[in-house]
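Containing CSV, C-alpha atoms: query_19.csv.
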```csv
chain,number,residue,atom,x,y,z
A,1,MET,CA,70.5,20.2,-27.8
A,2,ILE,CA,70.6,18.0,-24.7
A,3,TYR,CA,70.6,19.9,-21.4
A,4,LEU,CA,72.3,18.3,-18.4
A,5,LYS,CA,70.6,19.1,-15.2
A,6,THR,CA,72.4,20.3,-12.1
A,7,GLU,CA,71.7,19.0,-8.6
A,8,GLU,CA,69.6,22.1,-7.9
A,9,ASP,CA,67.6,21.4,-11.1
A,10,LEU,CA,66.9,17.9,-9.8
A,11,VAL,CA,65.4,19.2,-6.6
A,12,PHE,CA,62.8,21.0,-8.6
A,13,LEU,CA,62.3,18.1,-11.0
A,14,ARG,CA,61.7,15.7,-8.1
A,15,GLU,CA,59.1,18.1,-6.8
A,16,SER,CA,57.3,18.3,-10.1
A,17,GLY,CA,57.6,14.5,-10.6
A,18,GLU,CA,56.1,13.9,-7.1
A,19,ILE,CA,53.1,16.1,-7.9
A,20,VAL,CA,52.5,14.1,-11.1
A,21,ALA,CA,52.8,10.9,-9.2
A,22,LYS,CA,50.3,12.0,-6.5
A,23,ALA,CA,47.9,13.4,-9.2
A,24,LEU,CA,47.8,9.9,-10.8
A,25,GLY,CA,47.1,8.5,-7.4
A,26,GLU,CA,44.1,10.8,-7.2
A,27,VAL,CA,43.0,9.6,-10.6
A,28,ALA,CA,43.3,6.0,-9.5
A,29,LYS,CA,40.5,6.7,-6.9
A,30,CYS,CA,38.0,7.7,-9.6
A,31,VAL,CA,38.7,5.4,-12.5
A,32,GLN,CA,35.5,3.3,-12.6
A,33,PRO,CA,32.6,2.5,-14.8
A,34,GLY,CA,30.2,5.4,-15.3
A,35,VAL,CA,32.8,8.1,-14.8
A,36,THR,CA,33.4,10.6,-17.7
A,37,THR,CA,36.9,11.3,-18.8
A,38,LYS,CA,36.2,15.0,-18.4
A,39,TYR,CA,35.5,14.4,-14.7
A,40,ILE,CA,38.9,12.7,-14.3
A,41,ASP,CA,40.6,15.6,-16.1
A,42,GLN,CA,39.1,18.1,-13.7
A,43,ILE,CA,40.1,16.0,-10.6
A,44,ALA,CA,43.7,16.1,-11.8
A,45,GLU,CA,43.8,19.7,-12.7
A,46,ASP,CA,42.4,20.8,-9.4
A,47,PHE,CA,44.9,18.6,-7.6
A,48,ILE,CA,47.9,19.9,-9.6
A,49,ARG,CA,46.9,23.5,-8.9
A,50,SER,CA,46.4,22.8,-5.2
A,51,TYR,CA,50.2,22.2,-5.1
A,52,GLY,CA,50.9,25.5,-6.7
A,53,ALA,CA,51.8,23.8,-10.0
A,54,GLU,CA,50.4,24.2,-13.5
A,55,PRO,CA,49.1,21.4,-15.8
A,56,SER,CA,51.9,20.9,-18.4
A,57,PHE,CA,49.5,19.8,-21.1
A,58,LEU,CA,46.8,22.4,-20.9
A,59,ASN,CA,47.0,24.7,-24.0
A,60,TYR,CA,50.3,23.0,-25.0
A,61,GLY,CA,50.3,23.4,-28.8
A,62,GLY,CA,46.5,23.9,-28.5
A,63,PHE,CA,45.8,20.8,-26.4
A,64,PRO,CA,42.5,21.6,-24.6
A,65,ALA,CA,42.9,19.6,-21.3
A,66,SER,CA,45.2,18.9,-18.4
A,67,LEU,CA,45.4,15.1,-19.1
A,68,CYS,CA,45.7,13.0,-22.2
A,69,ILE,CA,43.1,10.3,-21.5
A,70,SER,CA,43.1,7.5,-24.1
A,71,VAL,CA,40.6,4.6,-24.0
A,72,ASN,CA,41.1,1.1,-25.4
A,73,GLU,CA,42.4,1.5,-29.0
A,74,VAL,CA,43.5,5.1,-28.5
A,75,VAL,CA,47.2,5.0,-28.1
A,76,VAL,CA,47.9,8.5,-26.8
A,77,HIS,CA,46.6,12.1,-26.8
A,78,GLY,CA,42.9,11.3,-26.2
A,79,PHE,CA,40.7,14.4,-25.4
A,80,PRO,CA,38.8,14.2,-22.1
A,81,SER,CA,35.1,14.6,-22.8
A,82,GLU,CA,31.7,14.6,-21.1
A,83,LYS,CA,30.6,12.2,-23.8
A,84,THR,CA,33.3,9.6,-23.1
A,85,ILE,CA,32.0,7.5,-20.2
A,86,LEU,CA,34.1,4.7,-18.9
A,87,LYS,CA,32.5,1.2,-19.0
A,88,ASP,CA,33.3,-2.1,-17.5
A,89,GLY,CA,36.1,-3.9,-19.4
A,90,ASP,CA,37.8,-0.7,-20.7
A,91,ILE,CA,41.4,0.2,-20.3
A,92,VAL,CA,42.3,3.9,-20.0
A,93,SER,CA,45.8,5.4,-20.3
A,94,VAL,CA,46.1,8.6,-18.3
A,95,ASP,CA,49.1,10.8,-19.2
A,96,CYS,CA,49.8,13.6,-16.7
A,97,GLY,CA,52.3,16.5,-16.6
A,98,ALA,CA,52.8,19.2,-14.1
A,99,LYS,CA,55.1,22.3,-14.0
A,100,LYS,CA,56.4,23.9,-10.9
A,101,ASN,CA,59.4,26.2,-10.3
A,102,GLY,CA,60.0,26.2,-14.1
A,103,PHE,CA,60.4,22.4,-14.4
A,104,HIS,CA,58.1,19.6,-15.6
A,105,GLY,CA,57.2,16.1,-14.5
A,106,ASP,CA,55.6,13.6,-16.9
A,107,SER,CA,54.1,10.2,-16.3
A,108,ALA,CA,51.4,7.8,-17.6
A,109,TYR,CA,49.7,4.7,-16.3
A,110,THR,CA,47.1,2.5,-18.0
A,111,PHE,CA,44.2,1.6,-15.7
A,112,ARG,CA,41.7,-1.2,-15.8
A,113,VAL,CA,38.1,-0.3,-15.6
A,114,GLY,CA,36.1,-3.0,-13.8
A,115,ASP,CA,36.6,-6.5,-15.1
A,116,VAL,CA,39.0,-6.6,-18.0
A,117,LYS,CA,39.8,-9.5,-20.3
A,118,GLN,CA,42.9,-11.4,-19.2
A,119,GLU,CA,44.5,-11.1,-22.6
A,120,VAL,CA,44.3,-7.3,-22.3
A,121,VAL,CA,45.6,-7.4,-18.7
A,122,ALA,CA,48.6,-9.4,-20.1
A,123,LEU,CA,49.2,-6.6,-22.6
A,124,LEU,CA,49.2,-4.0,-19.7
A,125,ARG,CA,51.5,-6.1,-17.6
A,126,ALA,CA,54.0,-6.6,-20.4
A,127,THR,CA,54.0,-2.9,-21.3
A,128,LYS,CA,54.7,-1.9,-17.7
A,129,GLU,CA,57.4,-4.5,-17.4
A,130,SER,CA,59.0,-3.3,-20.6
A,131,LEU,CA,59.2,0.2,-19.1
A,132,TYR,CA,61.3,-1.1,-16.3
A,133,MET,CA,63.4,-3.1,-18.7
A,134,GLY,CA,64.2,0.2,-20.5
A,135,ILE,CA,64.9,1.9,-17.2
A,136,GLU,CA,67.4,-0.8,-16.3
A,137,GLN,CA,69.4,0.2,-19.4
A,138,ALA,CA,69.3,3.9,-18.6
A,139,VAL,CA,72.7,4.2,-17.0
A,140,GLU,CA,75.6,6.4,-17.6
A,141,GLY,CA,77.7,5.3,-20.6
A,142,LYS,CA,75.0,3.3,-22.4
A,143,ARG,CA,73.0,4.7,-25.3
A,144,ILE,CA,69.4,5.6,-26.2
A,145,GLY,CA,69.3,2.6,-28.5
A,146,ASP,CA,69.9,0.3,-25.5
A,147,ILE,CA,66.7,1.5,-23.9
A,148,GLY,CA,64.6,1.1,-27.0
A,149,ASN,CA,66.1,-2.3,-27.8
A,150,ALA,CA,65.2,-3.5,-24.3
A,151,VAL,CA,61.6,-2.4,-24.6
A,152,GLN,CA,61.2,-3.7,-28.2
A,153,THR,CA,62.7,-7.1,-27.5
A,154,TYR,CA,60.7,-7.7,-24.4
A,155,CYS,CA,57.4,-6.8,-26.1
A,156,GLN,CA,57.9,-8.4,-29.5
A,157,ARG,CA,58.9,-11.7,-27.9
A,158,ARG,CA,55.5,-11.8,-26.3
A,159,GLY,CA,53.7,-11.1,-29.6
A,160,TYR,CA,53.0,-7.4,-29.2
A,161,SER,CA,54.0,-4.6,-31.5
A,162,VAL,CA,55.8,-1.3,-30.8
A,163,VAL,CA,54.5,2.0,-32.0
A,164,ARG,CA,57.2,3.7,-34.0
A,165,GLU,CA,55.9,7.3,-34.6
A,166,MET,CA,55.4,8.2,-30.9
A,167,VAL,CA,58.5,8.3,-28.7
A,168,GLY,CA,59.8,9.3,-25.3
A,169,HIS,CA,61.8,12.5,-24.8
A,170,GLY,CA,63.9,14.7,-22.6
A,171,VAL,CA,62.2,16.6,-19.8
A,172,GLY,CA,63.3,19.8,-18.0
A,173,ARG,CA,62.3,23.4,-18.4
A,174,GLU,CA,60.5,22.3,-21.5
A,175,LEU,CA,58.0,19.5,-21.5
A,176,HIS,CA,59.7,18.0,-24.6
A,177,GLU,CA,63.4,18.3,-24.9
A,178,ASP,CA,66.2,16.4,-26.7
A,179,PRO,CA,66.9,13.6,-27.0
A,180,GLU,CA,64.1,11.6,-28.5
A,181,VAL,CA,63.7,8.2,-26.7
A,182,PRO,CA,62.2,5.6,-29.1
A,183,ASN,CA,60.8,2.3,-27.8
A,184,TYR,CA,62.8,0.4,-30.4
A,185,GLY,CA,66.4,0.4,-31.6
A,186,LYS,CA,69.8,-1.2,-31.6
A,187,HIS,CA,72.2,-1.8,-28.8
A,188,GLY,CA,75.0,0.8,-28.9
A,189,ALA,CA,73.1,3.2,-31.2
A,190,GLY,CA,72.0,6.8,-30.5
A,191,PRO,CA,73.2,9.5,-28.1
A,192,GLN,CA,75.2,8.4,-25.1
A,193,LEU,CA,73.6,8.6,-21.7
A,194,LYS,CA,75.3,11.0,-19.4
A,195,ALA,CA,74.8,11.9,-15.7
A,196,GLY,CA,72.4,14.8,-15.5
A,197,MET,CA,70.2,13.8,-18.4
A,198,VAL,CA,66.5,13.6,-17.5
A,199,ILE,CA,64.3,11.6,-19.9
A,200,ALA,CA,60.8,10.2,-20.1
A,201,ILE,CA,60.7,6.6,-21.1
A,202,GLU,CA,57.2,5.7,-22.3
A,203,PRO,CA,56.4,2.4,-24.1
A,204,MET,CA,53.3,2.5,-26.3
A,205,ILE,CA,52.6,-1.1,-27.1
A,206,ASN,CA,49.8,-2.6,-29.3
A,207,MET,CA,48.1,-5.9,-29.1
A,208,GLY,CA,47.8,-6.1,-32.9
A,209,SER,CA,49.6,-4.1,-35.6
A,210,LYS,CA,52.1,-1.4,-34.9
A,211,ASN,CA,50.3,0.9,-37.4
A,212,ILE,CA,48.5,3.9,-36.2
A,213,ILE,CA,46.1,6.6,-37.5
A,214,ILE,CA,45.7,10.2,-36.4
A,215,GLY,CA,42.2,11.4,-35.6
A,216,ARG,CA,40.5,14.3,-37.3
A,217,ASN,CA,41.3,16.6,-34.4
A,218,GLY,CA,45.0,16.2,-35.3
A,219,TRP,CA,45.8,14.8,-31.8
A,220,GLU,CA,44.2,11.5,-31.0
A,221,VAL,CA,46.3,8.5,-32.1
A,222,ARG,CA,44.5,5.2,-32.6
A,223,THR,CA,45.6,1.7,-33.6
A,224,ALA,CA,44.8,1.1,-37.2
A,225,ASP,CA,43.3,-2.3,-36.5
A,226,ARG,CA,41.3,-1.0,-33.5
A,227,LYS,CA,42.9,-3.4,-31.1
A,228,PRO,CA,43.9,-2.3,-27.6
A,229,SER,CA,47.0,-0.3,-26.8
A,230,ALA,CA,48.8,0.2,-23.5
A,231,HIS,CA,51.0,3.1,-22.3
A,232,PHE,CA,53.2,3.5,-19.3
A,233,GLU,CA,55.7,6.3,-18.6
A,234,ASN,CA,58.2,7.5,-16.0
A,235,THR,CA,60.5,10.5,-15.9
A,236,ILE,CA,63.9,9.4,-14.8
A,237,ALA,CA,67.3,11.0,-14.1
A,238,ILE,CA,70.6,9.5,-15.2
A,239,ARG,CA,72.9,9.4,-12.2
A,240,LYS,CA,76.7,9.2,-11.8
A,241,ASN,CA,77.9,5.6,-11.5
A,242,GLY,CA,74.6,4.1,-10.6
A,243,ALA,CA,71.0,3.2,-11.5
A,244,ALA,CA,68.6,5.7,-12.9
A,245,GLU,CA,66.5,7.7,-10.4
A,246,ILE,CA,62.8,7.4,-11.0
A,247,LEU,CA,61.2,10.9,-10.5
A,248,THR,CA,57.6,9.9,-11.1
A,249,SER,CA,57.0,6.6,-9.3
A,250,PHE,CA,53.7,4.6,-9.4
A,251,ASP,CA,53.7,4.1,-5.6
A,252,HIS,CA,50.7,6.4,-5.0
A,253,ILE,CA,48.7,4.5,-7.6
A,254,LYS,CA,49.7,1.2,-5.9
A,255,GLU,CA,48.5,2.5,-2.5
A,256,VAL,CA,45.1,3.1,-4.0
A,257,LEU,CA,44.7,0.1,-6.3
A,258,GLY,CA,46.1,-2.6,-4.0
A,259,ASP,CA,45.8,-6.0,-5.6
A,260,ARG,CA,44.4,-4.3,-8.8
A,261,PHE,CA,47.8,-2.7,-9.3
A,262,ILE,CA,49.4,-4.0,-12.5
```
Before anything else, please render the file you have as structure tokens.
Amino acid sequence: MIYLKTEEDLVFLRESGEIVAKALGEVAKCVQPGVTTKYIDQIAEDFIRSYGAEPSFLNYGGFPASLCISVNEVVVHGFPSEKTILKDGDIVSVDCGAKKNGFHGDSAYTFRVGDVKQEVVALLRATKESLYMGIEQAVEGKRIGDIGNAVQTYCQRRGYSVVREMVGHGVGRELHEDPEVPNYGKHGAGPQLKAGMVIAIEPMINMGSKNIIIGRNGWEVRTADRKPSAHFENTIAIRKNGAAEILTSFDHIKEVLGDRFI
């Protein structure tokens, strides 16, 4: 069932979204060679709790951390670890969720670590741009398929592939609600977008094949060919007679990264 949010609900969703956005800004300060992914996870958890919120991911379905931190060929759901140390040339997707006043925010950004190959930077840039292509389609009266088609078309024209098995989703009192929001699809297909819907759009785009494999822990998703994957996500609200409202902007990340912002 798709739950339409009231204006009162949106006040709380904005607050949770802003906490997530600020938490990713804190993460941006410490993503550098030599840092463990476990350290980044602790920074984010402490920050989220300092705002009176809870990490949405911690213990969700048994997930053991506050962030999903996915390095290079890991698409999503990477476990933070003391053993995983970021090195020059890596890319790292950081997916963050926070819950406050009963509502969740959810966002992800893929960071560069040191000096990254230009072909990989191009993948990151195209993935982020495709997110905004999808958001442009997220208006009242259009359909879920219009969002996915925009993401798919933009990325495939640039030679990249779209992960099929992992999709975006509704966001609200539950971290994952209906509807599913694939990053592929046909114009005019799927549920119609209505004012009050809140969804997470999250392109997961691979440099090589679209095929993925699930790790032994049952969570970590990797590209089958071990080529890099990028992931960007915003939670948005469908508004009456207007453009979607982004609830989890990347502005705080941009403030930290400056000219390194993708």
Tell me which of A:Asn241, A:Gln152, A:Asp9, A:Pro80 sits closest to Gln42 of chain A, counting only C-alpha atoms.
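Going through A:Asn241, A:Gln152, A:Asp9, A:Pro80 one by one, the smallest distance to Gln42 of chain A is for A:Pro80.
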Need to verify the contact set: Glu119 of chain A, 12 Å, only C-alpha atoms, exclusion of same-chain residues closer than 3 positions in sequence. Can you return it as a PyMOL selection string?
chain A and resi 89+91+115-116+122-126+158-160+207-208+227-229
Extract, using only C-alpha atoms, all DNA, RNA and protein residues at most 8 Å from segment 235-239 of chain A, discarding same-chain residues fewer than 3 positions from it, and format them as a PyMOL selection string.
chain A and resi 17+105-107+135+138-140+171+193-201+242-248
Here atom CA of Ala189 of chain A and atom CA of Val151 of chain A stand apart by 14.4 Å
Please indicate the distance in Å from atom CA of Asn211 of chain A to atom CA of Arg164 of chain A, rounded to one decimal place.
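Going from atom CA of Asn211 of chain A over to atom CA of Arg164 of chain A, I get 8.2 Å.
Separating atom CA of Trp219 of chain A from atom CA of Glu177 of chain A is a distance of 19.2 Å.
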Tell me which of A:Leu175, A:Val35, A:Ile214, A:Ile2 sits closest to Gly78 of chain A, counting all atoms listed in the file.
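That would be A:Ile214, the residue with the smallest distance to Gly78 of chain A.
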Selected residue of minimal separation from Gln32 of chain A among A:Val11, A:Met204, A:Val113, A:Leu67, counting only C-alpha atoms
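Residue with the minimum atom-to-atom distance to Gln32 of chain A: A:Val113.
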Using all atoms listed in the file, which protein or nucleic acid residues come within 12 Å of Phe12 of chain A? Drop anything in the same chain fewer than 3 positions from it, and give the result as a PyMOL selection string.
chain A and resi 5-9+15-19+53+98-105+172-173+247
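The smallest atom-to-atom distance between Val94 of chain A and any of A:Leu131, A:Cys155, A:Ala230, A:Leu13, using all atoms listed in the file, is found for A:Ala230.
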Would you give me, as CSV, each residue of segment 168-201 of chain A having an atom within 10 Å of an atom of segment 144-150 of chain A, along with its shortest atom pair and that distance in Å to one decimal, using only C-alpha atoms and sorting by chain and residue number?
```
residue,atom,partner,partner_atom,distance
A:Gly168,CA,A:Gly148,CA,9.7
A:Pro179,CA,A:Ile144,CA,8.4
A:Glu180,CA,A:Ile144,CA,8.3
A:Val181,CA,A:Ile144,CA,6.3
A:Pro182,CA,A:Gly148,CA,5.5
A:Asn183,CA,A:Gly148,CA,4.1
A:Tyr184,CA,A:Gly148,CA,3.9
A:Gly185,CA,A:Asn149,CA,4.7
A:Lys186,CA,A:Gly145,CA,4.9
A:His187,CA,A:Asp146,CA,4.5
A:Gly188,CA,A:Gly145,CA,6.0
A:Ala189,CA,A:Gly145,CA,4.7
A:Gly190,CA,A:Ile144,CA,5.2
A:Pro191,CA,A:Ile144,CA,5.8
A:Gln192,CA,A:Ile144,CA,6.5
A:Leu193,CA,A:Ile144,CA,6.8
A:Ile201,CA,A:Ile147,CA,8.4
```
Closest of A:Thr127, A:Ser161, A:Met1, A:Phe79 to Thr223 of chain A, counting only C-alpha atoms, is A:Ser161
Using all atoms listed in the file, which residue out of A:Ile212, A:Val20, A:Met133, A:Val31 lies closest to Val76 of chain A?
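Closest to Val76 of chain A of all the choices is A:Ile212.
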Non-local contacts of His77 of chain A (12 Å; only C-alpha atoms; under 5 positions in same chain excluded) as a compact mmCIF listing (two decimals) with C-alpha atoms, keeping the file's coordinate frame:
```txt
# COMPACT_ATOMS: atom_id res chain seq x y z
CA PHE A 57 49.50 19.80 -21.10
CA LEU A 58 46.80 22.40 -20.90
CA TYR A 60 50.30 23.00 -25.00
CA GLY A 62 46.50 23.90 -28.50
CA PHE A 63 45.80 20.80 -26.40
CA PRO A 64 42.50 21.60 -24.60
CA ALA A 65 42.90 19.60 -21.30
CA SER A 66 45.20 18.90 -18.40
CA LEU A 67 45.40 15.10 -19.10
CA CYS A 68 45.70 13.00 -22.20
CA ILE A 69 43.10 10.30 -21.50
CA SER A 70 43.10 7.50 -24.10
CA VAL A 71 40.60 4.60 -24.00
CA VAL A 92 42.30 3.90 -20.00
CA SER A 93 45.80 5.40 -20.30
CA VAL A 94 46.10 8.60 -18.30
CA ASP A 95 49.10 10.80 -19.20
CA CYS A 96 49.80 13.60 -16.70
CA ALA A 108 51.40 7.80 -17.60
CA MET A 166 55.40 8.20 -30.90
CA MET A 204 53.30 2.50 -26.30
CA ILE A 214 45.70 10.20 -36.40
CA GLY A 215 42.20 11.40 -35.60
CA ASN A 217 41.30 16.60 -34.40
CA GLY A 218 45.00 16.20 -35.30
CA TRP A 219 45.80 14.80 -31.80
CA GLU A 220 44.20 11.50 -31.00
CA VAL A 221 46.30 8.50 -32.10
CA ARG A 222 44.50 5.20 -32.60
CA HIS A 231 51.00 3.10 -22.30
```
Hey, what's within 8 Å of Phe250 of chain A if we count all atoms listed in the file and toss same-chain stuff fewer than 6 positions away? As a PyMOL selection string, please?
chain A and resi 21+25+109
